[in-house]
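The structure file start_0.cif is reproduced below (mmCIF, N, CA, C and O atoms).
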```cif
data_query
#
loop_
_atom_site.label_atom_id
_atom_site.label_comp_id
_atom_site.auth_asym_id
_atom_site.auth_seq_id
_atom_site.Cartn_x
_atom_site.Cartn_y
_atom_site.Cartn_z
N MET W 180 262.19 61.62 74.01
CA MET W 180 261.09 62.43 74.51
C MET W 180 261.68 63.69 75.14
O MET W 180 262.64 63.63 75.89
N GLU W 181 261.09 64.81 74.85
CA GLU W 181 261.57 66.07 75.39
C GLU W 181 260.95 66.39 76.74
O GLU W 181 259.85 65.93 77.05
N ASP W 182 261.67 67.15 77.54
CA ASP W 182 261.13 67.61 78.82
C ASP W 182 260.12 68.71 78.57
O ASP W 182 260.25 69.48 77.63
N LYS W 183 259.14 68.77 79.43
CA LYS W 183 258.13 69.83 79.36
C LYS W 183 258.02 70.48 80.72
O LYS W 183 258.31 69.85 81.73
N GLN W 184 257.60 71.71 80.72
CA GLN W 184 257.39 72.39 82.00
C GLN W 184 256.00 73.02 82.00
O GLN W 184 255.66 73.77 81.10
N TRP W 185 255.24 72.66 83.00
CA TRP W 185 253.93 73.27 83.21
C TRP W 185 254.02 74.06 84.51
O TRP W 185 254.65 73.64 85.47
N THR W 186 253.34 75.19 84.53
CA THR W 186 253.39 76.07 85.69
C THR W 186 251.99 76.26 86.25
O THR W 186 251.04 76.46 85.50
N VAL W 187 251.89 76.20 87.57
CA VAL W 187 250.62 76.49 88.25
C VAL W 187 250.83 77.72 89.12
O VAL W 187 251.73 77.75 89.96
N ARG W 188 250.01 78.72 88.90
CA ARG W 188 250.04 79.93 89.73
C ARG W 188 248.72 79.98 90.50
O ARG W 188 247.66 79.74 89.93
N ILE W 189 248.82 80.29 91.77
CA ILE W 189 247.63 80.35 92.62
C ILE W 189 247.43 81.81 93.03
O ILE W 189 248.32 82.42 93.62
N HIS W 190 246.26 82.32 92.71
CA HIS W 190 245.89 83.69 93.06
C HIS W 190 244.84 83.62 94.16
O HIS W 190 243.80 82.97 93.99
N ILE W 191 245.10 84.26 95.30
CA ILE W 191 244.21 84.20 96.46
C ILE W 191 243.69 85.59 96.76
O ILE W 191 244.46 86.56 96.81
N THR W 192 242.38 85.68 96.97
CA THR W 192 241.77 86.95 97.37
C THR W 192 240.92 86.72 98.62
O THR W 192 240.31 85.66 98.77
N GLU W 193 240.92 87.71 99.48
CA GLU W 193 240.13 87.63 100.71
C GLU W 193 239.13 88.77 100.73
O GLU W 193 239.45 89.90 100.34
N ASP W 194 237.93 88.46 101.18
CA ASP W 194 236.87 89.46 101.33
C ASP W 194 236.10 89.12 102.60
O ASP W 194 235.24 88.23 102.59
N GLY W 195 236.45 89.78 103.68
CA GLY W 195 235.81 89.47 104.96
C GLY W 195 236.15 88.06 105.39
O GLY W 195 237.32 87.69 105.51
N ASP W 196 235.12 87.24 105.61
CA ASP W 196 235.33 85.86 106.04
C ASP W 196 235.47 84.89 104.88
O ASP W 196 235.58 83.68 105.09
N ASP W 197 235.44 85.40 103.66
CA ASP W 197 235.54 84.54 102.47
C ASP W 197 236.92 84.64 101.84
O ASP W 197 237.48 85.73 101.70
N THR W 198 237.44 83.50 101.43
CA THR W 198 238.71 83.44 100.72
C THR W 198 238.47 82.66 99.44
O THR W 198 237.86 81.59 99.46
N ARG W 199 238.93 83.23 98.33
CA ARG W 199 238.80 82.58 97.03
C ARG W 199 240.19 82.35 96.45
O ARG W 199 241.07 83.18 96.63
N ALA W 200 240.32 81.24 95.74
CA ALA W 200 241.60 80.94 95.09
C ALA W 200 241.35 80.46 93.68
O ALA W 200 240.35 79.78 93.41
N GLU W 201 242.24 80.84 92.79
CA GLU W 201 242.25 80.32 91.43
C GLU W 201 243.63 79.72 91.19
O GLU W 201 244.64 80.37 91.42
N ALA W 202 243.64 78.47 90.75
CA ALA W 202 244.88 77.79 90.38
C ALA W 202 244.89 77.71 88.86
O ALA W 202 244.02 77.05 88.27
N VAL W 203 245.83 78.39 88.23
CA VAL W 203 245.88 78.45 86.77
C VAL W 203 247.11 77.69 86.29
O VAL W 203 248.24 78.05 86.61
N LEU W 204 246.88 76.63 85.53
CA LEU W 204 247.96 75.86 84.93
C LEU W 204 248.18 76.36 83.51
O LEU W 204 247.22 76.50 82.75
N THR W 205 249.43 76.65 83.17
CA THR W 205 249.77 77.02 81.80
C THR W 205 250.92 76.14 81.34
O THR W 205 251.76 75.72 82.13
N THR W 206 250.92 75.86 80.05
CA THR W 206 251.99 75.07 79.47
C THR W 206 252.95 75.99 78.74
O THR W 206 252.61 77.11 78.39
N GLU W 207 254.15 75.50 78.52
CA GLU W 207 255.13 76.26 77.76
C GLU W 207 255.42 75.56 76.43
O GLU W 207 256.51 75.61 75.90
N ASP W 208 254.41 74.88 75.92
CA ASP W 208 254.53 74.24 74.62
C ASP W 208 254.49 75.32 73.55
O ASP W 208 254.21 76.48 73.84
N PRO W 209 254.75 74.96 72.30
CA PRO W 209 254.66 75.97 71.24
C PRO W 209 253.32 76.71 71.29
O PRO W 209 252.32 76.13 71.74
N PRO W 210 253.30 77.96 70.83
CA PRO W 210 252.08 78.76 70.93
C PRO W 210 250.82 78.08 70.40
O PRO W 210 249.74 78.27 70.94
N GLU W 211 250.96 77.26 69.38
CA GLU W 211 249.76 76.61 68.84
C GLU W 211 249.21 75.57 69.80
O GLU W 211 248.06 75.17 69.71
N ASP W 212 250.02 75.13 70.75
CA ASP W 212 249.59 74.15 71.74
C ASP W 212 249.41 74.77 73.13
O ASP W 212 249.31 74.05 74.11
N LEU W 213 249.40 76.10 73.19
CA LEU W 213 249.29 76.78 74.48
C LEU W 213 248.00 76.34 75.18
O LEU W 213 246.94 76.28 74.57
N MET W 214 248.14 76.02 76.45
CA MET W 214 246.98 75.56 77.20
C MET W 214 246.95 76.29 78.53
O MET W 214 247.98 76.49 79.17
N ALA W 215 245.78 76.70 78.94
CA ALA W 215 245.57 77.27 80.27
C ALA W 215 244.30 76.64 80.83
O ALA W 215 243.27 76.63 80.17
N VAL W 216 244.40 76.11 82.02
CA VAL W 216 243.27 75.49 82.69
C VAL W 216 243.18 76.10 84.09
O VAL W 216 244.20 76.24 84.76
N THR W 217 241.97 76.44 84.50
CA THR W 217 241.78 77.10 85.80
C THR W 217 240.90 76.26 86.71
O THR W 217 239.84 75.78 86.31
N GLY W 218 241.37 76.09 87.95
CA GLY W 218 240.58 75.47 89.00
C GLY W 218 240.25 76.52 90.04
O GLY W 218 241.03 77.45 90.27
N ARG W 219 239.09 76.41 90.66
CA ARG W 219 238.65 77.41 91.63
C ARG W 219 238.30 76.75 92.96
O ARG W 219 237.78 75.64 93.00
N GLY W 220 238.57 77.49 94.04
CA GLY W 220 238.24 77.01 95.37
C GLY W 220 237.83 78.15 96.27
O GLY W 220 238.25 79.29 96.08
N VAL W 221 236.99 77.86 97.25
CA VAL W 221 236.46 78.87 98.17
C VAL W 221 236.54 78.32 99.59
O VAL W 221 236.36 77.13 99.82
N ALA W 222 236.81 79.21 100.54
CA ALA W 222 236.75 78.87 101.97
C ALA W 222 235.99 79.99 102.67
O ALA W 222 236.10 81.16 102.30
N HIS W 223 235.23 79.61 103.68
CA HIS W 223 234.47 80.59 104.46
C HIS W 223 234.75 80.34 105.94
O HIS W 223 234.56 79.22 106.43
N ARG W 224 235.20 81.37 106.63
CA ARG W 224 235.49 81.24 108.05
C ARG W 224 234.20 81.31 108.86
O ARG W 224 233.37 82.20 108.65
N ASN W 225 234.06 80.38 109.76
CA ASN W 225 232.94 80.42 110.69
C ASN W 225 233.15 81.63 111.62
O ASN W 225 234.23 81.78 112.19
N PRO W 226 232.16 82.49 111.78
CA PRO W 226 232.33 83.69 112.61
C PRO W 226 232.77 83.43 114.04
O PRO W 226 233.36 84.31 114.67
N ILE W 227 232.54 82.23 114.57
CA ILE W 227 232.97 81.96 115.95
C ILE W 227 234.43 81.53 116.03
O ILE W 227 234.99 81.47 117.12
N ASP W 228 235.05 81.23 114.87
CA ASP W 228 236.46 80.83 114.86
C ASP W 228 237.37 82.05 114.89
O ASP W 228 236.99 83.14 114.45
N ARG W 229 238.57 81.85 115.40
CA ARG W 229 239.56 82.94 115.40
C ARG W 229 239.94 83.29 113.97
O ARG W 229 240.01 82.41 113.11
N PRO W 230 240.20 84.56 113.69
CA PRO W 230 240.58 84.96 112.33
C PRO W 230 242.06 84.63 112.04
O PRO W 230 242.96 85.38 112.43
N ILE W 231 242.28 83.51 111.38
CA ILE W 231 243.63 83.11 110.99
C ILE W 231 243.62 82.97 109.46
O ILE W 231 243.23 81.92 108.93
N PRO W 232 244.01 84.04 108.77
CA PRO W 232 243.90 84.05 107.31
C PRO W 232 244.61 82.89 106.60
O PRO W 232 244.16 82.45 105.55
N GLU W 233 245.71 82.41 107.16
CA GLU W 233 246.46 81.34 106.51
C GLU W 233 245.61 80.08 106.32
O GLU W 233 245.76 79.36 105.33
N ILE W 234 244.71 79.83 107.27
CA ILE W 234 243.86 78.63 107.16
C ILE W 234 242.92 78.77 105.97
O ILE W 234 242.76 77.84 105.18
N GLY W 235 242.31 79.92 105.81
CA GLY W 235 241.45 80.15 104.65
C GLY W 235 242.22 80.05 103.35
O GLY W 235 241.74 79.48 102.36
N ASP W 236 243.46 80.60 103.35
CA ASP W 236 244.31 80.50 102.15
C ASP W 236 244.57 79.05 101.80
O ASP W 236 244.46 78.64 100.64
N GLU W 237 244.94 78.26 102.81
CA GLU W 237 245.27 76.86 102.57
C GLU W 237 244.06 76.07 102.07
O GLU W 237 244.17 75.28 101.13
N LEU W 238 242.91 76.30 102.69
CA LEU W 238 241.71 75.58 102.27
C LEU W 238 241.29 75.97 100.86
O LEU W 238 241.01 75.11 100.02
N ALA W 239 241.24 77.27 100.57
CA ALA W 239 240.83 77.72 99.24
C ALA W 239 241.81 77.25 98.18
O ALA W 239 241.40 76.77 97.11
N ALA W 240 243.11 77.34 98.47
CA ALA W 240 244.12 76.89 97.50
C ALA W 240 244.03 75.39 97.26
O ALA W 240 244.11 74.94 96.11
N SER W 241 243.85 74.62 98.32
CA SER W 241 243.76 73.16 98.15
C SER W 241 242.51 72.79 97.34
O SER W 241 242.55 71.89 96.50
N ARG W 242 241.42 73.50 97.56
CA ARG W 242 240.20 73.23 96.80
C ARG W 242 240.37 73.65 95.33
O ARG W 242 239.84 72.98 94.43
N ALA W 243 241.09 74.72 95.09
CA ALA W 243 241.35 75.15 93.71
C ALA W 243 242.22 74.11 92.99
O ALA W 243 241.99 73.78 91.82
N LEU W 244 243.23 73.59 93.69
CA LEU W 244 244.10 72.57 93.09
C LEU W 244 243.33 71.28 92.84
O LEU W 244 243.53 70.61 91.81
N GLU W 245 242.44 70.93 93.76
CA GLU W 245 241.61 69.74 93.56
C GLU W 245 240.71 69.91 92.34
O GLU W 245 240.57 69.01 91.51
N ASP W 246 240.11 71.09 92.20
CA ASP W 246 239.26 71.38 91.04
C ASP W 246 240.08 71.34 89.75
O ASP W 246 239.64 70.79 88.74
N LEU W 247 241.29 71.88 89.80
CA LEU W 247 242.18 71.84 88.64
C LEU W 247 242.50 70.39 88.26
O LEU W 247 242.46 70.03 87.08
N ALA W 248 242.79 69.56 89.24
CA ALA W 248 243.11 68.15 88.97
C ALA W 248 241.92 67.44 88.31
O ALA W 248 242.09 66.67 87.35
N ILE W 249 240.72 67.72 88.79
CA ILE W 249 239.52 67.11 88.20
C ILE W 249 239.34 67.56 86.76
O ILE W 249 239.03 66.76 85.87
N ARG W 250 239.56 68.86 86.52
CA ARG W 250 239.42 69.38 85.15
C ARG W 250 240.44 68.74 84.21
O ARG W 250 240.12 68.38 83.07
N LEU W 251 241.70 68.59 84.67
CA LEU W 251 242.72 67.94 83.84
C LEU W 251 242.36 66.49 83.56
O LEU W 251 242.54 65.99 82.45
N HIS W 252 241.86 65.81 84.57
CA HIS W 252 241.46 64.42 84.39
C HIS W 252 240.34 64.32 83.38
O HIS W 252 240.35 63.43 82.51
N ASP W 253 239.36 65.21 83.47
CA ASP W 253 238.25 65.21 82.51
C ASP W 253 238.75 65.47 81.09
O ASP W 253 238.28 64.84 80.13
N MET W 254 239.71 66.39 80.94
CA MET W 254 240.28 66.67 79.62
C MET W 254 240.98 65.43 79.06
O MET W 254 240.81 65.08 77.89
N ALA W 255 241.74 64.75 79.91
CA ALA W 255 242.43 63.53 79.48
C ALA W 255 241.43 62.45 79.10
O ALA W 255 241.60 61.75 78.09
N SER W 256 240.38 62.31 79.89
CA SER W 256 239.35 61.31 79.59
C SER W 256 238.68 61.59 78.25
O SER W 256 238.46 60.67 77.45
N ASP W 257 238.37 62.86 77.99
CA ASP W 257 237.78 63.23 76.70
C ASP W 257 238.73 62.92 75.55
O ASP W 257 238.31 62.42 74.50
N ASP W 258 240.02 63.21 75.75
CA ASP W 258 241.02 62.92 74.71
C ASP W 258 241.11 61.41 74.46
O ASP W 258 241.24 60.98 73.30
N ILE W 259 241.06 60.62 75.51
CA ILE W 259 241.12 59.17 75.35
C ILE W 259 239.95 58.69 74.51
O ILE W 259 240.11 57.89 73.58
N VAL W 260 238.76 59.18 74.82
CA VAL W 260 237.57 58.76 74.08
C VAL W 260 237.69 59.12 72.60
O VAL W 260 237.35 58.34 71.72
N GLN W 261 238.20 60.33 72.32
CA GLN W 261 238.25 60.80 70.95
C GLN W 261 239.48 60.33 70.17
O GLN W 261 239.42 60.19 68.96
N LEU W 262 240.60 60.14 70.87
CA LEU W 262 241.86 59.92 70.16
C LEU W 262 242.48 58.56 70.35
O LEU W 262 243.36 58.18 69.57
N ALA W 263 242.11 57.84 71.37
CA ALA W 263 242.74 56.54 71.64
C ALA W 263 242.18 55.48 70.71
O ALA W 263 241.14 55.65 70.07
N GLY W 264 242.88 54.39 70.67
CA GLY W 264 242.45 53.28 69.81
C GLY W 264 243.43 53.11 68.68
O GLY W 264 244.42 53.83 68.55
N PRO W 265 243.15 52.15 67.82
CA PRO W 265 244.08 51.86 66.72
C PRO W 265 244.15 53.03 65.74
O PRO W 265 243.19 53.77 65.55
N VAL W 266 245.30 53.16 65.11
CA VAL W 266 245.50 54.18 64.10
C VAL W 266 244.73 53.75 62.84
O VAL W 266 244.85 52.61 62.38
N GLU W 267 243.94 54.66 62.33
CA GLU W 267 243.18 54.37 61.11
C GLU W 267 244.09 54.58 59.90
O GLU W 267 244.80 55.58 59.82
N THR W 268 244.06 53.64 58.99
CA THR W 268 244.89 53.77 57.78
C THR W 268 244.07 53.82 56.54
O THR W 268 242.93 53.57 56.48
#
```

Just give me the structure as structure tokens.
Amino acid sequence: MEDKQWTVRIHITEDGDDTRAEAVLTTEDPPEDLMAVTGRGVAHRNPIDRPIPEIGDELAASRALEDLAIRLHDMASDDIVQLAGPVET
């Protein structure tokens, strides 16, 4: 079995009290198997809380990664339904 490398890049944007994150997973498989999956997360600072941007970054990024994990799981589940089982001859 060969080693594979998947990369996740997290892009974070802030707009006032809102922080958005996108976690994009890409594979380095041959071009015909190239895959990119995106998870998204949002955080909103309560106006009475102190402005600490790192907290919004952490929350939005963690939510984006959680969304990415759910999307990957759903993809695997769909593949199992369609592809698993005995080999047809």

Which neighbours of W:Arg250 fall inside 12 Å, counting only C-alpha atoms, when residues of the same chain fewer than 5 positions from it are skipped, and could you give them as an MDAnalysis selection string? chainID W and resid 202:204 215:219 243:245 255:257

First collect every listed atom of stretch 224-236 of chain W; then fit an axis-aligned box around them, widen it by 8 Å on each side, and give centre and edge lengths in Å to one decimal, as lines of an AutoDock Vina configuration file.
```
center_x = 239.3
center_y = 81.6
center_z = 108.9
size_x = 30.3
size_y = 23.5
size_z = 32.5
```

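With atom O of W:Glu193 on one side and atom N of W:Thr205 on the other, the separation reads 23.9 Å.
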
Please evaluate the PyMOL selection byres (((chain W and resi 225 and name CA) around 12) and name CA) against the displayed coordinates and give the resulting residues as a PDB file with N, CA, C and O atoms, keeping the file's coordinate frame.
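The resulting file, expr.pdb, is reproduced below:
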```
ATOM      1  N   GLY W 195     236.450  89.780 103.680  1.00  0.00           N
ATOM      2  CA  GLY W 195     235.810  89.470 104.960  1.00  0.00           C
ATOM      3  C   GLY W 195     236.150  88.060 105.390  1.00  0.00           C
ATOM      4  O   GLY W 195     237.320  87.690 105.510  1.00  0.00           O
ATOM      5  N   ASP W 196     235.120  87.240 105.610  1.00  0.00           N
ATOM      6  CA  ASP W 196     235.330  85.860 106.040  1.00  0.00           C
ATOM      7  C   ASP W 196     235.470  84.890 104.880  1.00  0.00           C
ATOM      8  O   ASP W 196     235.580  83.680 105.090  1.00  0.00           O
ATOM      9  N   ASP W 197     235.440  85.400 103.660  1.00  0.00           N
ATOM     10  CA  ASP W 197     235.540  84.540 102.470  1.00  0.00           C
ATOM     11  C   ASP W 197     236.920  84.640 101.840  1.00  0.00           C
ATOM     12  O   ASP W 197     237.480  85.730 101.700  1.00  0.00           O
ATOM     13  N   THR W 198     237.440  83.500 101.430  1.00  0.00           N
ATOM     14  CA  THR W 198     238.710  83.440 100.720  1.00  0.00           C
ATOM     15  C   THR W 198     238.470  82.660  99.440  1.00  0.00           C
ATOM     16  O   THR W 198     237.860  81.590  99.460  1.00  0.00           O
ATOM     17  N   ALA W 222     236.810  79.210 100.540  1.00  0.00           N
ATOM     18  CA  ALA W 222     236.750  78.870 101.970  1.00  0.00           C
ATOM     19  C   ALA W 222     235.990  79.990 102.670  1.00  0.00           C
ATOM     20  O   ALA W 222     236.100  81.160 102.300  1.00  0.00           O
ATOM     21  N   HIS W 223     235.230  79.610 103.680  1.00  0.00           N
ATOM     22  CA  HIS W 223     234.470  80.590 104.460  1.00  0.00           C
ATOM     23  C   HIS W 223     234.750  80.340 105.940  1.00  0.00           C
ATOM     24  O   HIS W 223     234.560  79.220 106.430  1.00  0.00           O
ATOM     25  N   ARG W 224     235.200  81.370 106.630  1.00  0.00           N
ATOM     26  CA  ARG W 224     235.490  81.240 108.050  1.00  0.00           C
ATOM     27  C   ARG W 224     234.200  81.310 108.860  1.00  0.00           C
ATOM     28  O   ARG W 224     233.370  82.200 108.650  1.00  0.00           O
ATOM     29  N   PRO W 226     232.160  82.490 111.780  1.00  0.00           N
ATOM     30  CA  PRO W 226     232.330  83.690 112.610  1.00  0.00           C
ATOM     31  C   PRO W 226     232.770  83.430 114.040  1.00  0.00           C
ATOM     32  O   PRO W 226     233.360  84.310 114.670  1.00  0.00           O
ATOM     33  N   ILE W 227     232.540  82.230 114.570  1.00  0.00           N
ATOM     34  CA  ILE W 227     232.970  81.960 115.950  1.00  0.00           C
ATOM     35  C   ILE W 227     234.430  81.530 116.030  1.00  0.00           C
ATOM     36  O   ILE W 227     234.990  81.470 117.120  1.00  0.00           O
ATOM     37  N   ASP W 228     235.050  81.230 114.870  1.00  0.00           N
ATOM     38  CA  ASP W 228     236.460  80.830 114.860  1.00  0.00           C
ATOM     39  C   ASP W 228     237.370  82.050 114.890  1.00  0.00           C
ATOM     40  O   ASP W 228     236.990  83.140 114.450  1.00  0.00           O
ATOM     41  N   ARG W 229     238.570  81.850 115.400  1.00  0.00           N
ATOM     42  CA  ARG W 229     239.560  82.940 115.400  1.00  0.00           C
ATOM     43  C   ARG W 229     239.940  83.290 113.970  1.00  0.00           C
ATOM     44  O   ARG W 229     240.010  82.410 113.110  1.00  0.00           O
ATOM     45  N   PRO W 230     240.200  84.560 113.690  1.00  0.00           N
ATOM     46  CA  PRO W 230     240.580  84.960 112.330  1.00  0.00           C
ATOM     47  C   PRO W 230     242.060  84.630 112.040  1.00  0.00           C
ATOM     48  O   PRO W 230     242.960  85.380 112.430  1.00  0.00           O
ATOM     49  N   ILE W 231     242.280  83.510 111.380  1.00  0.00           N
ATOM     50  CA  ILE W 231     243.630  83.110 110.990  1.00  0.00           C
ATOM     51  C   ILE W 231     243.620  82.970 109.460  1.00  0.00           C
ATOM     52  O   ILE W 231     243.230  81.920 108.930  1.00  0.00           O
ATOM     53  N   ILE W 234     244.710  79.830 107.270  1.00  0.00           N
ATOM     54  CA  ILE W 234     243.860  78.630 107.160  1.00  0.00           C
ATOM     55  C   ILE W 234     242.920  78.770 105.970  1.00  0.00           C
ATOM     56  O   ILE W 234     242.760  77.840 105.180  1.00  0.00           O
ATOM     57  N   GLY W 235     242.310  79.920 105.810  1.00  0.00           N
ATOM     58  CA  GLY W 235     241.450  80.150 104.650  1.00  0.00           C
ATOM     59  C   GLY W 235     242.220  80.050 103.350  1.00  0.00           C
ATOM     60  O   GLY W 235     241.740  79.480 102.360  1.00  0.00           O
TER      61      GLY W 235
END
```

To one decimal place, how far is atom CA of W:Ala248 from atom CA of W:Pro265 in Å? 27.6 Å

Based on the backbone DSSP call, show me all residues of chain W assigned strand (DSSP E or B), as number ranges by chain. W: 185-194, 197-206, 215-223

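Atom CA of W:Ala239 is found 7.8 Å from atom CA of W:Ile191.
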
Please report, as a PyMOL selection string, each residue of chain W to which DSSP assigns alpha helix (DSSP H) when run on this structure's backbone. chain W and resi 232-262

Hits from the PyMOL selection byres ((chain W and resi 184) around 8), listed as a PyMOL selection string: chain W and resi 181-183+185-187+205-208
